[in-house]
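*Asks:* One structure, as structure tokens, below. Some questions next.
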Amino acid sequence: MKNRTLAIVKPDAVAKNAAGEIIARIQKAGFKILAMKMTRMSVPSARGFYEVHKERPFYDDLVAFMTSGPCVPLALEKENAVADYRKLIGATDPAEADAGTIRKDFAESKSKNAVHGSDSDENAALEIAHFFTRDELLANKG
């Protein structure tokens, strides 16, 4: 069964003009892009999106980073989408990421790690809804 995940090409990767190459890798890995846009997250949007981390010491820095420039959220579909995407992007810390993963190749640090990936099917549904309307998703469902 196909399921969905949310990917975000983060501001650091967009600033380095790496978004196209990252998106190409995602497609080569068999993911179908259901929806994609370039946007700049507002502070309220970033705070809401990362609300799960609000008690953590890095929360304010994460919100500041995610609102520092444009990002590219993508709704992706594939069998085992969440697990396969997380394998493709690698560990949060690029120093610990496997060779050939997106974070190993594009991330600068644990905080500037190039991409976001949903950690569960449940969170993927919530995260996709944060960025995309039902109509945006249905428009590419074919």
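Residue numbering restarts at 1 in every chain; chains get A, B, ... in the order shown in the structure tokens, and ligands count up from 1 in that same order.
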Considering only strand (DSSP E) as DSSP defines it on the backbone, what residues of chain A qualify? List them as a VMD selection string.
*Replies:* chain A and resid 2 to 9 32 to 36 72 to 79 115 to 117
*Asks:* Just to be explicit: take each residue in the selection above, keep C-alpha atoms, and write the result as a PDB file, in the first residue's frame.
*Replies:*
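Just written: selection.pdb:
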ATOM      1  CA  LYS A   2       1.264   3.437  -0.908  1.00  0.00           C
ATOM      2  CA  ASN A   3       1.461   6.016   1.820  1.00  0.00           C
ATOM      3  CA  ARG A   4       2.650   9.585   2.136  1.00  0.00           C
ATOM      4  CA  THR A   5       5.353  11.579   3.798  1.00  0.00           C
ATOM      5  CA  LEU A   6       6.326  15.226   3.958  1.00  0.00           C
ATOM      6  CA  ALA A   7       9.718  16.391   2.798  1.00  0.00           C
ATOM      7  CA  ILE A   8      11.010  19.915   3.240  1.00  0.00           C
ATOM      8  CA  VAL A   9      14.089  21.228   1.492  1.00  0.00           C
ATOM      9  CA  LYS A  32       5.879  10.522  -6.592  1.00  0.00           C
ATOM     10  CA  ILE A  33       5.529  14.232  -5.895  1.00  0.00           C
ATOM     11  CA  LEU A  34       1.864  14.926  -5.142  1.00  0.00           C
ATOM     12  CA  ALA A  35       2.369  18.608  -4.316  1.00  0.00           C
ATOM     13  CA  MET A  36       5.308  21.002  -4.061  1.00  0.00           C
ATOM     14  CA  VAL A  72      10.380  23.785  -0.446  1.00  0.00           C
ATOM     15  CA  PRO A  73       7.805  21.460   1.139  1.00  0.00           C
ATOM     16  CA  LEU A  74       6.819  18.385  -0.872  1.00  0.00           C
ATOM     17  CA  ALA A  75       4.036  15.866  -0.319  1.00  0.00           C
ATOM     18  CA  LEU A  76       5.436  12.522  -1.425  1.00  0.00           C
ATOM     19  CA  GLU A  77       3.847   9.143  -2.092  1.00  0.00           C
ATOM     20  CA  LYS A  78       5.424   5.685  -2.243  1.00  0.00           C
ATOM     21  CA  GLU A  79       5.146   2.323  -0.564  1.00  0.00           C
ATOM     22  CA  VAL A 115      15.920  18.473   4.740  1.00  0.00           C
ATOM     23  CA  HIS A 116      13.024  17.513   6.972  1.00  0.00           C
ATOM     24  CA  GLY A 117      11.234  14.178   6.905  1.00  0.00           C
TER      25      GLY A 117
END
*Asks:* Taking the DSSP assignment computed from this structure's backbone, write out as number ranges by chain all residues of chain A that belong to alpha helix (DSSP H).
*Replies:* A: 11-15, 19-28, 43-49, 59-66, 81-89, 102-106, 121-131, 134-138
*Asks:* Which residue gives the smallest distance to Val43 in chain A among A:Asp61, A:Asp135, A:Glu21, A:Glu55, with only C-alpha atoms counted?
*Replies:*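 Ranking A:Asp61, A:Asp135, A:Glu21, A:Glu55 by distance to Val43 in chain A, first place goes to A:Asp61.
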*Asks:* Measuring atom to atom with only C-alpha atoms, identify which of A:Leu138, A:Ala18, A:Ala124, A:Ala13 is nearest to Ala81 in chain A.
*Replies:*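 The answer is A:Ala124, which sits nearest to Ala81 in chain A.
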*Asks:* Measuring between only C-alpha atoms, which one of A:Leu137, A:Ser68, A:Lys54, A:Ser109 shows the shortest distance to Ala97 in chain A?
*Replies:*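 Closest residue, counting only C-alpha atoms: A:Ser109.
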*Asks:* Compile the contact shell of Asn17 in chain A as a list in words: residues with an atom at most 12 Å away, counting only C-alpha atoms, same-chain residues fewer than 3 positions apart removed.
*Replies:*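 Result of the neighbour search: Val9, Lys10, Pro11, Asp12, Ala13, Val14, Gly20, Glu21, Ile22, Ile23, Pro70, Cys71, Val72, Phe106 and Ala114 of chain A.
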*Asks:* Within 7 Å of Arg103 in chain A, counting only C-alpha atoms, which residues qualify if same-chain residues fewer than 2 places away don't, as an MDAnalysis selection string?
*Replies:* chainID A and resid 89:90 94 97 101 105:107 113:114
*Asks:* Export, as a PDB file, in the first residue's frame, the selected residues with C-alpha atoms.
*Replies:*
ATOM      1  CA  ILE A  89      17.948  11.469   3.886  1.00  0.00           C
ATOM      2  CA  GLY A  90      20.132   9.862   6.563  1.00  0.00           C
ATOM      3  CA  PRO A  94      25.368  14.722   8.819  1.00  0.00           C
ATOM      4  CA  ALA A  97      24.744   9.994   8.159  1.00  0.00           C
ATOM      5  CA  THR A 101      22.402  10.108   1.843  1.00  0.00           C
ATOM      6  CA  ASP A 105      25.986  15.218   0.852  1.00  0.00           C
ATOM      7  CA  PHE A 106      24.158  18.521   1.498  1.00  0.00           C
ATOM      8  CA  ALA A 107      23.864  19.239   5.242  1.00  0.00           C
ATOM      9  CA  ASN A 113      20.659  19.618   7.961  1.00  0.00           C
ATOM     10  CA  ALA A 114      19.207  20.388   4.500  1.00  0.00           C
TER      11      ALA A 114
END
*Asks:* Taking into account only C-alpha atoms, which residue in the set A:Phe131, A:Gly69, A:Ala125, A:Phe58 is nearest to Lys110 in chain A?
*Replies:*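 Closest candidate: A:Phe58.
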*Asks:* What is the distance, in Å and to one decimal place, between CA of Ile26 in chain A and CA of Ile102 in chain A?
*Replies:* 9.1 Å
*Asks:* Between CA of Met41 in chain A and CA of Asp60 in chain A, what is the distance, to one decimal in Å?
*Replies:*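 Between CA of Met41 in chain A and CA of Asp60 in chain A the gap works out to 14.0 Å.
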*Asks:* Any idea what the distance is between CA of Thr67 in chain A and CA of Ala29 in chain A?
*Replies:*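 Result for CA of Thr67 in chain A versus CA of Ala29 in chain A: 28.3 Å, one decimal.
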*Asks:* Any idea what's packed within 10 Å of Ala83 in chain A, counting only C-alpha atoms, ignoring anything in its chain fewer than 3 positions away? Could you give it as a short mmCIF file (atom, residue, chain, number, x, y, z; two decimals) with N, CA and C atoms, in the first residue's frame?
*Replies:*
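File out21.cif, as written:
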data_model
loop_
_atom_site.label_atom_id
_atom_site.label_comp_id
_atom_site.auth_asym_id
_atom_site.auth_seq_id
_atom_site.Cartn_x
_atom_site.Cartn_y
_atom_site.Cartn_z
N THR A 5 4.46 10.94 2.85
CA THR A 5 5.35 11.58 3.80
C THR A 5 5.56 13.02 3.36
N GLU A 79 5.27 3.37 -1.58
CA GLU A 79 5.15 2.32 -0.56
C GLU A 79 6.22 2.56 0.49
N ASN A 80 5.84 2.40 1.76
CA ASN A 80 6.78 2.63 2.87
C ASN A 80 7.41 4.02 2.81
N ARG A 86 13.19 8.49 5.15
CA ARG A 86 14.14 8.69 6.24
C ARG A 86 15.47 7.99 5.95
N LYS A 87 15.40 6.84 5.30
CA LYS A 87 16.64 6.15 4.90
C LYS A 87 17.38 6.96 3.84
N LEU A 88 16.65 7.54 2.91
CA LEU A 88 17.24 8.34 1.83
C LEU A 88 17.94 9.58 2.37
N GLY A 117 12.04 15.33 7.28
CA GLY A 117 11.23 14.18 6.91
C GLY A 117 10.33 13.77 8.05
N SER A 118 9.09 13.46 7.74
CA SER A 118 8.13 13.01 8.76
C SER A 118 8.66 11.77 9.45
N ASP A 119 8.31 11.61 10.74
CA ASP A 119 8.81 10.47 11.49
C ASP A 119 7.78 9.36 11.67
N SER A 120 6.55 9.57 11.21
CA SER A 120 5.52 8.53 11.31
C SER A 120 4.42 8.85 10.29
N ASP A 121 3.60 7.85 10.00
CA ASP A 121 2.47 8.07 9.08
C ASP A 121 1.52 9.11 9.65
#
